[in-house]
file run01.cif (mmCIF, C-alpha atoms and all ligand atoms)
data_input
loop_
_atom_site.group_PDB
_atom_site.id
_atom_site.type_symbol
_atom_site.label_atom_id
_atom_site.label_comp_id
_atom_site.auth_asym_id
_atom_site.auth_seq_id
_atom_site.Cartn_x
_atom_site.Cartn_y
_atom_site.Cartn_z
ATOM 1 C CA MET A 1 -5.564 -44.997 -1.912
ATOM 2 C CA LYS A 2 -4.380 -41.662 -3.150
ATOM 3 C CA SER A 3 -6.447 -38.619 -4.020
ATOM 4 C CA VAL A 4 -5.881 -37.726 -7.674
ATOM 5 C CA TYR A 5 -6.401 -34.339 -9.258
ATOM 6 C CA LYS A 6 -6.044 -33.038 -12.816
ATOM 7 C CA CYS A 7 -4.994 -29.465 -13.482
ATOM 8 C CA ARG A 8 -7.292 -27.548 -15.840
ATOM 9 C CA LEU A 9 -4.450 -25.295 -16.936
ATOM 10 C CA CYS A 10 -1.546 -27.641 -17.703
ATOM 11 C CA GLY A 11 -3.369 -30.993 -17.730
ATOM 12 C CA GLU A 12 -1.015 -32.654 -15.266
ATOM 13 C CA LYS A 13 -2.381 -35.307 -12.921
ATOM 14 C CA HIS A 14 -1.094 -35.045 -9.378
ATOM 15 C CA CYS A 15 -1.751 -36.534 -5.951
ATOM 16 C CA GLU A 16 -2.615 -34.669 -2.790
ATOM 17 C CA GLY A 17 -2.330 -37.230 -0.016
ATOM 18 C CA GLY A 18 -4.471 -40.279 0.564
ATOM 19 C CA THR A 19 -5.529 -42.969 3.000
ATOM 20 C CA SER A 20 -5.180 -46.715 3.400
ATOM 21 C CA ASN A 21 -8.722 -46.918 4.802
ATOM 22 C CA MET A 22 -11.163 -47.832 2.001
ATOM 23 C CA ARG A 23 -14.208 -46.592 3.938
ATOM 24 C CA ILE A 24 -12.678 -43.188 4.596
ATOM 25 C CA ALA A 25 -11.688 -42.976 0.916
ATOM 26 C CA LEU A 26 -15.238 -43.717 -0.225
ATOM 27 C CA SER A 27 -16.696 -41.228 2.263
ATOM 28 C CA ALA A 28 -14.282 -38.606 0.971
ATOM 29 C CA VAL A 29 -15.360 -39.163 -2.644
ATOM 30 C CA ILE A 30 -19.050 -39.034 -1.739
ATOM 31 C CA ALA A 31 -18.570 -35.905 0.381
ATOM 32 C CA ALA A 32 -16.706 -34.228 -2.488
ATOM 33 C CA THR A 33 -19.447 -35.013 -5.008
ATOM 34 C CA LEU A 34 -22.141 -33.693 -2.677
ATOM 35 C CA ASN A 35 -20.186 -30.500 -1.985
ATOM 36 C CA LYS A 36 -20.266 -31.273 1.715
ATOM 37 C CA GLU A 37 -17.953 -29.522 4.108
ATOM 38 C CA PRO A 38 -14.793 -31.663 3.926
ATOM 39 C CA GLU A 39 -13.341 -33.317 6.990
ATOM 40 C CA PRO A 40 -9.858 -32.152 7.955
ATOM 41 C CA ASN A 41 -7.341 -33.570 5.451
ATOM 42 C CA ALA A 42 -10.145 -34.831 3.177
ATOM 43 C CA PRO A 43 -9.895 -33.982 -0.516
ATOM 44 C CA THR A 44 -11.821 -30.980 -1.773
ATOM 45 C CA ILE A 45 -13.454 -30.900 -5.202
ATOM 46 C CA LEU A 46 -10.966 -28.239 -6.348
ATOM 47 C CA THR A 47 -7.420 -27.430 -5.373
ATOM 48 C CA VAL A 48 -4.628 -25.180 -6.587
ATOM 49 C CA HIS A 49 -1.883 -26.626 -8.758
ATOM 50 C CA ILE A 50 1.472 -24.948 -9.111
ATOM 51 C CA CYS A 51 2.336 -25.871 -12.673
ATOM 52 C CA LYS A 52 5.843 -26.677 -13.877
ATOM 53 C CA ASP A 53 6.167 -23.269 -15.559
ATOM 54 C CA GLY A 54 5.219 -21.501 -12.308
ATOM 55 C CA SER A 55 1.619 -20.802 -13.306
ATOM 56 C CA TYR A 56 -1.205 -21.315 -10.823
ATOM 57 C CA GLY A 57 -3.866 -23.667 -12.130
ATOM 58 C CA ILE A 58 -7.122 -25.042 -10.768
ATOM 59 C CA SER A 59 -7.286 -28.812 -10.374
ATOM 60 C CA ASP A 60 -10.374 -30.997 -10.324
ATOM 61 C CA PHE A 61 -10.645 -33.923 -7.920
ATOM 62 C CA LEU A 62 -10.822 -37.076 -10.045
ATOM 63 C CA GLY A 63 -11.208 -39.616 -7.251
ATOM 64 C CA MET A 64 -9.379 -41.941 -4.890
ATOM 65 C CA GLN A 65 -7.122 -44.254 -6.847
ATOM 66 C CA MET A 66 -5.762 -47.614 -5.733
ATOM 67 C CA GLU A 67 -2.024 -47.587 -5.214
ATOM 68 C CA VAL A 68 -0.067 -50.481 -6.669
ATOM 69 C CA ARG A 69 2.666 -51.588 -4.338
ATOM 70 C CA SER A 70 5.952 -52.475 -5.952
ATOM 71 C CA ASP A 71 6.187 -55.701 -3.891
ATOM 72 C CA GLU A 72 2.926 -56.974 -5.452
ATOM 73 C CA ASN A 73 4.698 -57.402 -8.794
ATOM 74 C CA ILE A 74 7.170 -59.928 -7.409
HETATM 75 ZN ZN ZN B 101 -1.026 -27.224 -13.572
#
call {"tool": "encode", "arguments": {"input": "run01.cif", "output": "structure tokens"}}
result
Amino acid sequence: MKSVYKCRLCGEKHCEGGTSNMRIALSAVIAATLNKEPEPNAPTILTVHICKDGSYGISDFLGMQMEVRSDENI
């Protein structure tokens, strides 16, 4: 699962890492919603986005999204 953010300034969705462990992903989402101190490498509720035009935006954490593997479409 990948952590997905959306930039408030440019609107772009972007990923900032992730995990293959579903339990860790759920814990990360819950911790983010409760404003708990994040574990190392866990997603924070806000992050900085460097937009395509060089601006610095603020991105909101949207959640942990399932990743579709390309080999699952075969
Ligand atoms: Zn942006």
call {"tool": "resolve_selection", "arguments": {"input": "run01.cif", "expression": "the PyMOL selection byres (((chain A and resi 19) around 9) and not hetatm)", "output": "PDB file with C-alpha atoms, in the coordinates of the input"}}
result
ATOM      1  CA  MET A   1      -5.564 -44.997  -1.912  1.00  0.00           C
ATOM      2  CA  LYS A   2      -4.380 -41.662  -3.150  1.00  0.00           C
ATOM      3  CA  SER A   3      -6.447 -38.619  -4.020  1.00  0.00           C
ATOM      4  CA  GLY A  17      -2.330 -37.230  -0.016  1.00  0.00           C
ATOM      5  CA  GLY A  18      -4.471 -40.279   0.564  1.00  0.00           C
ATOM      6  CA  SER A  20      -5.180 -46.715   3.400  1.00  0.00           C
ATOM      7  CA  ASN A  21      -8.722 -46.918   4.802  1.00  0.00           C
ATOM      8  CA  MET A  22     -11.163 -47.832   2.001  1.00  0.00           C
ATOM      9  CA  ILE A  24     -12.678 -43.188   4.596  1.00  0.00           C
ATOM     10  CA  ALA A  25     -11.688 -42.976   0.916  1.00  0.00           C
ATOM     11  CA  MET A  64      -9.379 -41.941  -4.890  1.00  0.00           C
TER      12      MET A  64
END
call {"tool": "closest_atom_pairs", "arguments": {"input": "run01.cif", "of": "chain A", "to": "ligand ZN 101 (chain B)", "cutoff": "6 Å", "atoms": "only C-alpha atoms and all ligand atoms", "output": "Markdown table"}}
result
| residue | atom | partner | partner_atom | distance |
| --- | --- | --- | --- | --- |
| A:Cys7 | CA | B:ZN101 | ZN | 4.6 |
| A:Leu9 | CA | B:ZN101 | ZN | 5.2 |
| A:Cys10 | CA | B:ZN101 | ZN | 4.2 |
| A:Glu12 | CA | B:ZN101 | ZN | 5.7 |
| A:His49 | CA | B:ZN101 | ZN | 4.9 |
| A:Ile50 | CA | B:ZN101 | ZN | 5.6 |
| A:Cys51 | CA | B:ZN101 | ZN | 3.7 |
| A:Gly57 | CA | B:ZN101 | ZN | 4.8 |
call {"tool": "atom_distance", "arguments": {"input": "run01.cif", "atom1": "atom CA of Leu62 of chain A", "atom2": "atom CA of Ala31 of chain A"}}
result
13.0 Å
call {"tool": "atom_distance", "arguments": {"input": "run01.cif", "atom1": "atom CA of Lys36 of chain A", "atom2": "atom CA of Tyr56 of chain A"}}
result
24.9 Å
call {"tool": "closest_residue", "arguments": {"input": "run01.cif", "among": "A:Lys6, A:Ile45, A:Glu67, A:Gly54", "to": "Ile30 of chain A", "atoms": "all atoms listed in the file"}}
result
A:Ile45
call {"tool": "atom_distance", "arguments": {"input": "run01.cif", "atom1": "atom CA of Val68 of chain A", "atom2": "atom CA of Val29 of chain A"}}
result
19.4 Å
call {"tool": "residues_around", "arguments": {"input": "run01.cif", "residues": "Ser59 of chain A", "least_positions_apart": "6", "cutoff": "6 Å", "atoms": "all atoms listed in the file", "output": "PDB file with C-alpha atoms, in the frame of the given file"}}
result
ATOM      1  CA  TYR A   5      -6.401 -34.339  -9.258  1.00  0.00           C
ATOM      2  CA  LYS A   6      -6.044 -33.038 -12.816  1.00  0.00           C
ATOM      3  CA  CYS A   7      -4.994 -29.465 -13.482  1.00  0.00           C
ATOM      4  CA  ARG A   8      -7.292 -27.548 -15.840  1.00  0.00           C
ATOM      5  CA  LEU A  46     -10.966 -28.239  -6.348  1.00  0.00           C
ATOM      6  CA  THR A  47      -7.420 -27.430  -5.373  1.00  0.00           C
ATOM      7  CA  VAL A  48      -4.628 -25.180  -6.587  1.00  0.00           C
TER       8      VAL A  48
END
call {"tool": "axis_aligned_box", "arguments": {"input": "run01.cif", "around": "segment 8-22 of chain A", "padding_each_side": "6 Å", "output": "lines of an AutoDock Vina configuration file"}}
result
center_x = -6.1
center_y = -36.6
center_z = -6.5
size_x = 22.1
size_y = 34.5
size_z = 34.5
call {"tool": "decode", "arguments": {"input": "run01.cif", "residues": "segment 34-67 of chain A", "atoms": "N, CA and C atoms", "output": "compact mmCIF listing (two decimals), in the first residue's frame"}}
result
# COMPACT_ATOMS: atom_id res chain seq x y z
N LEU A 34 -5.59 10.64 14.41
CA LEU A 34 -5.64 11.01 15.82
C LEU A 34 -4.54 12.00 16.19
N ASN A 35 -3.79 12.44 15.19
CA ASN A 35 -2.69 13.38 15.42
C ASN A 35 -1.67 12.83 16.42
N LYS A 36 -1.48 11.53 16.39
CA LYS A 36 -0.48 10.92 17.26
C LYS A 36 0.90 11.18 16.69
N GLU A 37 1.88 11.08 17.56
CA GLU A 37 3.27 11.20 17.12
C GLU A 37 3.55 10.06 16.15
N PRO A 38 3.92 10.36 14.90
CA PRO A 38 4.12 9.27 13.93
C PRO A 38 5.35 8.44 14.23
N GLU A 39 5.26 7.16 13.91
CA GLU A 39 6.42 6.29 13.98
C GLU A 39 7.41 6.75 12.90
N PRO A 40 8.68 6.35 13.05
CA PRO A 40 9.62 6.69 11.98
C PRO A 40 9.13 6.12 10.64
N ASN A 41 9.20 6.90 9.62
CA ASN A 41 8.78 6.54 8.25
C ASN A 41 7.27 6.42 8.08
N ALA A 42 6.48 6.69 9.12
CA ALA A 42 5.03 6.65 8.98
C ALA A 42 4.56 7.98 8.37
N PRO A 43 3.45 7.93 7.63
CA PRO A 43 2.96 9.16 7.02
C PRO A 43 2.45 10.16 8.06
N THR A 44 2.72 11.41 7.82
CA THR A 44 2.19 12.48 8.66
C THR A 44 0.96 13.05 7.97
N ILE A 45 0.14 13.78 8.72
CA ILE A 45 -1.12 14.28 8.17
C ILE A 45 -0.86 15.36 7.10
N LEU A 46 0.26 16.02 7.20
CA LEU A 46 0.65 17.05 6.22
C LEU A 46 2.08 16.80 5.77
N THR A 47 2.37 17.16 4.56
CA THR A 47 3.75 17.13 4.08
C THR A 47 3.93 18.26 3.08
N VAL A 48 5.17 18.50 2.72
CA VAL A 48 5.47 19.56 1.75
C VAL A 48 5.51 18.95 0.36
N HIS A 49 4.91 19.64 -0.60
CA HIS A 49 4.99 19.21 -1.99
C HIS A 49 5.74 20.26 -2.79
N ILE A 50 6.72 19.80 -3.53
CA ILE A 50 7.41 20.70 -4.46
C ILE A 50 6.67 20.57 -5.78
N CYS A 51 5.92 21.59 -6.12
CA CYS A 51 5.06 21.57 -7.29
C CYS A 51 5.89 21.66 -8.57
N LYS A 52 5.25 21.32 -9.68
CA LYS A 52 5.96 21.29 -10.97
C LYS A 52 6.54 22.64 -11.35
N ASP A 53 5.88 23.74 -10.92
CA ASP A 53 6.39 25.06 -11.27
C ASP A 53 7.42 25.57 -10.26
N GLY A 54 7.81 24.71 -9.30
CA GLY A 54 8.82 25.09 -8.32
C GLY A 54 8.24 25.67 -7.04
N SER A 55 6.92 25.84 -6.99
CA SER A 55 6.29 26.34 -5.77
C SER A 55 6.37 25.29 -4.67
N TYR A 56 6.19 25.74 -3.43
CA TYR A 56 6.14 24.82 -2.30
C TYR A 56 4.72 24.79 -1.77
N GLY A 57 4.07 23.66 -1.90
CA GLY A 57 2.69 23.51 -1.44
C GLY A 57 2.62 22.66 -0.19
N ILE A 58 1.44 22.67 0.42
CA ILE A 58 1.16 21.80 1.57
C ILE A 58 0.23 20.70 1.08
N SER A 59 0.58 19.46 1.39
CA SER A 59 -0.22 18.32 0.96
C SER A 59 -0.89 17.64 2.13
N ASP A 60 -2.15 17.26 1.92
CA ASP A 60 -2.91 16.52 2.92
C ASP A 60 -2.77 15.03 2.67
N PHE A 61 -2.63 14.27 3.76
CA PHE A 61 -2.60 12.81 3.69
C PHE A 61 -4.01 12.33 3.39
N LEU A 62 -4.17 11.59 2.29
CA LEU A 62 -5.48 11.08 1.90
C LEU A 62 -5.73 9.68 2.44
N GLY A 63 -4.66 8.89 2.55
CA GLY A 63 -4.82 7.53 3.06
C GLY A 63 -3.81 6.60 2.43
N MET A 64 -3.92 5.32 2.81
CA MET A 64 -3.06 4.28 2.26
C MET A 64 -3.85 3.58 1.16
N GLN A 65 -3.32 3.62 -0.04
CA GLN A 65 -4.04 3.10 -1.19
C GLN A 65 -3.43 1.78 -1.65
N MET A 66 -4.31 0.83 -2.01
CA MET A 66 -3.85 -0.44 -2.54
C MET A 66 -3.11 -0.20 -3.85
N GLU A 67 -2.02 -0.94 -4.03
CA GLU A 67 -1.28 -0.84 -5.27
C GLU A 67 -1.67 -2.00 -6.17
